[in-house]
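Read through the structure below, which is laid out as structure tokens, and then see the notes.
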Amino acid sequence: MSARFAGKVGIVTGAGSGIGKATIERFVAEGGTGIAVDISVERLNQLKNEFEARHQKVVIVSGDITQHRTIDDIMRAAGDRIDILINNAGIMDDFVPLDELEDELWDRVIEVNLTSVMKLSRTVIKQMLQQGKGSIVTTSSGASFKSGIAGTAYTTSKHGLNGLIKSIATIYGNRGIRSNGVAPGGTKTNIMDMTKPIRGQKTMELLGVNLANAPRTAEPEEVAACLLFLASDDASNVNGTILSSDGGWSAK
Ligand SMILES: NC(=O)c1ccc[n+]([C@@H]2O[C@H](COP(=O)([O-])OP(=O)(O)OC[C@H]3O[C@@H](n4cnc5c(N)ncnc54)[C@H](O)[C@@H]3O)[C@@H](O)[C@H]2O)c1
């Protein structure tokens with residue numbers, strides 16, 4: 001592995017599983033000081049054990065990313081330098097369509113997938129502005145471009161994220177800060193509990209049509225590679241982009 005991230009401090013949210021886990025693993029393997037954030041203490045402890053077994057270090061911060069105290073804990077763990085923020089934590093909405101959508105589900109999905117990204121980015125960017133340099137990368141989704149592959153709340157949250165990503169890019173691009181996103185297609189992670197029946201049957205019918213021309217399901221490492229390319233100095237001229245990592249699904 002190259003030392004692409006040597007000397008860099010990076011935060012990855014949702015690092016206990018799936019895409020976030022693959023991202024923190026590669027970031028640290030490539031020399032970075034990684035801060036792994038997740039709501040699941042169990043997953044973080046497991047992650048830490050795996051790092052220690054490989055004689056690697058990772059800093060873990062457990063907490064709900066929607067809570068201000070978690071943001072405070074992340075900032076404390078990072079210290080006085082943050083080079084990279086990877087906003088990756090996210091939840092699904094069980095494919096629930098509008099006429100079945102409760103306020104509670106809408107509020108939680110928007111809070112986790114969108115509002116918390118704004119709040120953490122808002123805090124981190126103040127540090128990056130002092131440094132005059134920083135890279136923010138956010139895990140968006142194929143559902144940020146089109147509907148019919150998730151429920152109403154998830155689709156709306158991810159469409160909103162693309163606006164946030166571009167707004168940060170445009171306003172802060174000339175101050176040394178880049179903001180980009182990755183839009184994965186179907187990826188093998190724990191985001192859906194396949195043991196439970198899915199609620200949003202109306203959306204599932206549409207998904208069936210959309211899946212008919214979907215490429216294979218990706219490995220989380222393939223999406224992590226895209227997040228880390230955008231985070232790295234290799235992408236020094238890339239700002240405000242939403243990069244699809246979906247085997248070409250969005251092009252069909
Ligand atoms: N898996 C896919 O097919 C797919 C497709 C498109 C986009 N995405 C996006 O990828 C990102 C990562 O998801 P994944 O597929 O790896 O799922 P995952 O469920 O395997 O991992 C997400 C992690 O985020 C954590 N998390 C959830 N809510 C949190 C909160 N409030 N605070 C802190 N941590 C929290 C979870 O505990 C989990 O460990 C999400 O933003 C998701 O929307 C996934």
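Ordered as shown in the structure tokens, chains take letters A, B, and onward, while each chain numbers its residues from 1 and ligands are numbered from 1 in the order shown.
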Check your understanding: Hey, which residues come within 8 Å of ligand 1 if we count only C-alpha atoms and all ligand atoms? Could you give them as a ChimeraX atom specification?
Key -> /A:13-21,37-40,43,62-66,87-92,112-113,138-143,154,158,183-192,217-218,220
Review point. Can you list, as a PyMOL selection string, every protein, DNA or RNA residue that comes within 10 Å of range 231-244 of chain A when you count only C-alpha atoms, leaving out same-chain residues fewer than 5 positions away?
Key: chain A and resi 4-5+8+10+27+83-86+134-142+144-145+162-170+172-173+176-185+223+225-226+249-251
Check your understanding: What are the DSSP alpha helix (DSSP H) residues of range 108-182 of chain A, as a PyMOL selection string?
Key -> chain A and resi 108-110+116-131+152-172
Atoms to include: N, CA and C atoms. Write the selected residues as a compact mmCIF listing (two decimals), in the first residue's frame.
# COMPACT_ATOMS: atom_id res chain seq x y z
N ARG A 108 -36.34 11.19 11.24
CA ARG A 108 -35.10 10.46 11.56
C ARG A 108 -34.20 10.33 10.31
N VAL A 109 -34.81 9.98 9.19
CA VAL A 109 -34.01 9.79 7.97
C VAL A 109 -33.38 11.12 7.53
N ILE A 110 -34.15 12.19 7.58
CA ILE A 110 -33.61 13.51 7.18
C ILE A 110 -32.53 13.94 8.18
N SER A 116 -27.49 16.00 9.92
CA SER A 116 -26.25 15.74 10.68
C SER A 116 -25.01 16.00 9.82
N VAL A 117 -25.13 15.77 8.52
CA VAL A 117 -23.99 16.02 7.61
C VAL A 117 -23.72 17.52 7.55
N MET A 118 -24.80 18.31 7.49
CA MET A 118 -24.63 19.76 7.52
C MET A 118 -23.96 20.18 8.82
N LYS A 119 -24.44 19.64 9.94
CA LYS A 119 -23.93 20.10 11.25
C LYS A 119 -22.47 19.71 11.47
N LEU A 120 -22.11 18.47 11.14
CA LEU A 120 -20.71 18.07 11.33
C LEU A 120 -19.80 18.82 10.36
N SER A 121 -20.26 18.96 9.10
CA SER A 121 -19.45 19.69 8.12
C SER A 121 -19.28 21.15 8.55
N ARG A 122 -20.33 21.74 9.09
CA ARG A 122 -20.28 23.14 9.55
C ARG A 122 -19.22 23.32 10.63
N THR A 123 -19.14 22.36 11.52
CA THR A 123 -18.14 22.45 12.60
C THR A 123 -16.73 22.22 12.06
N VAL A 124 -16.60 21.18 11.25
CA VAL A 124 -15.27 20.80 10.74
C VAL A 124 -14.72 21.87 9.80
N ILE A 125 -15.59 22.50 9.01
CA ILE A 125 -15.09 23.45 8.01
C ILE A 125 -14.45 24.67 8.68
N LYS A 126 -14.89 24.99 9.88
CA LYS A 126 -14.26 26.13 10.59
C LYS A 126 -12.79 25.83 10.86
N GLN A 127 -12.53 24.58 11.25
CA GLN A 127 -11.14 24.13 11.45
C GLN A 127 -10.37 24.14 10.13
N MET A 128 -11.03 23.63 9.07
CA MET A 128 -10.36 23.56 7.76
C MET A 128 -10.07 24.96 7.22
N LEU A 129 -10.96 25.91 7.49
CA LEU A 129 -10.73 27.29 7.02
C LEU A 129 -9.51 27.89 7.71
N GLN A 130 -9.34 27.58 8.98
CA GLN A 130 -8.13 28.06 9.69
C GLN A 130 -6.87 27.46 9.08
N GLN A 131 -6.97 26.18 8.68
CA GLN A 131 -5.82 25.50 8.08
C GLN A 131 -5.57 25.98 6.65
N THR A 152 -39.51 7.58 -0.06
CA THR A 152 -39.58 9.04 -0.24
C THR A 152 -38.57 9.78 0.63
N ALA A 153 -38.46 9.40 1.89
CA ALA A 153 -37.57 10.13 2.81
C ALA A 153 -36.10 9.95 2.41
N TYR A 154 -35.69 8.72 2.12
CA TYR A 154 -34.29 8.46 1.74
C TYR A 154 -33.96 9.19 0.44
N THR A 155 -34.85 9.08 -0.55
CA THR A 155 -34.61 9.73 -1.85
C THR A 155 -34.46 11.24 -1.67
N THR A 156 -35.34 11.82 -0.85
CA THR A 156 -35.29 13.27 -0.62
C THR A 156 -34.00 13.64 0.12
N SER A 157 -33.64 12.84 1.12
CA SER A 157 -32.43 13.16 1.90
C SER A 157 -31.20 13.15 1.02
N LYS A 158 -31.11 12.21 0.10
CA LYS A 158 -29.92 12.09 -0.73
C LYS A 158 -29.91 13.14 -1.84
N HIS A 159 -31.08 13.50 -2.37
CA HIS A 159 -31.13 14.63 -3.31
C HIS A 159 -30.63 15.90 -2.59
N GLY A 160 -31.05 16.09 -1.33
CA GLY A 160 -30.61 17.25 -0.56
C GLY A 160 -29.11 17.26 -0.33
N LEU A 161 -28.57 16.07 -0.09
CA LEU A 161 -27.12 15.97 0.16
C LEU A 161 -26.30 16.51 -1.02
N ASN A 162 -26.76 16.20 -2.24
CA ASN A 162 -26.01 16.67 -3.41
C ASN A 162 -25.97 18.20 -3.43
N GLY A 163 -27.06 18.83 -3.02
CA GLY A 163 -27.07 20.29 -2.93
C GLY A 163 -26.08 20.79 -1.89
N LEU A 164 -26.04 20.12 -0.76
CA LEU A 164 -25.10 20.50 0.31
C LEU A 164 -23.65 20.34 -0.18
N ILE A 165 -23.38 19.21 -0.81
CA ILE A 165 -22.02 18.93 -1.31
C ILE A 165 -21.58 20.04 -2.27
N LYS A 166 -22.46 20.40 -3.20
CA LYS A 166 -22.11 21.41 -4.22
C LYS A 166 -22.02 22.80 -3.62
N SER A 167 -22.90 23.08 -2.67
CA SER A 167 -22.88 24.41 -2.05
C SER A 167 -21.56 24.64 -1.31
N ILE A 168 -21.11 23.63 -0.57
CA ILE A 168 -19.82 23.75 0.15
C ILE A 168 -18.70 23.94 -0.87
N ALA A 169 -18.76 23.15 -1.96
CA ALA A 169 -17.70 23.21 -2.97
C ALA A 169 -17.59 24.61 -3.57
N THR A 170 -18.71 25.19 -3.88
CA THR A 170 -18.72 26.48 -4.58
C THR A 170 -18.29 27.61 -3.65
N ILE A 171 -18.81 27.59 -2.44
CA ILE A 171 -18.54 28.71 -1.53
C ILE A 171 -17.12 28.67 -0.98
N TYR A 172 -16.58 27.48 -0.76
CA TYR A 172 -15.27 27.39 -0.09
C TYR A 172 -14.14 26.92 -0.99
Check your understanding: What does the distance between CA of Val12 in chain A and CA of Ala78 in chain A come to in Å, to one decimal place?
Key -> 11.3 Å
Point to revise | Distance query Gly148 in chain A at most 9 Å, only C-alpha atoms, self and fewer than 5 positions along chain excluded, as a ChimeraX atom specification | key: /A:95,143,155,203-207,209-210
Exercise for review: Quick one: pick out all strand (DSSP E or B) residues within range 2-251 of chain A from a backbone DSSP run and write them as a ChimeraX atom specification.
Suggested key: /A:9-13,33-38,59-62,84-87,134-139,177-184,187,218,242-245
Practice item. Check the smallest atom-to-atom distance from each of A:Val58, A:Leu101, A:Leu227, A:Ile24 to Ala77 in chain A using only C-alpha atoms, then report the winner. Key: A:Val58
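Taking only C-alpha atoms into account, Ile82 in chain A lies nearest to A:Val9 out of the set A:Val9, A:Leu211, A:Met194, A:Val59.
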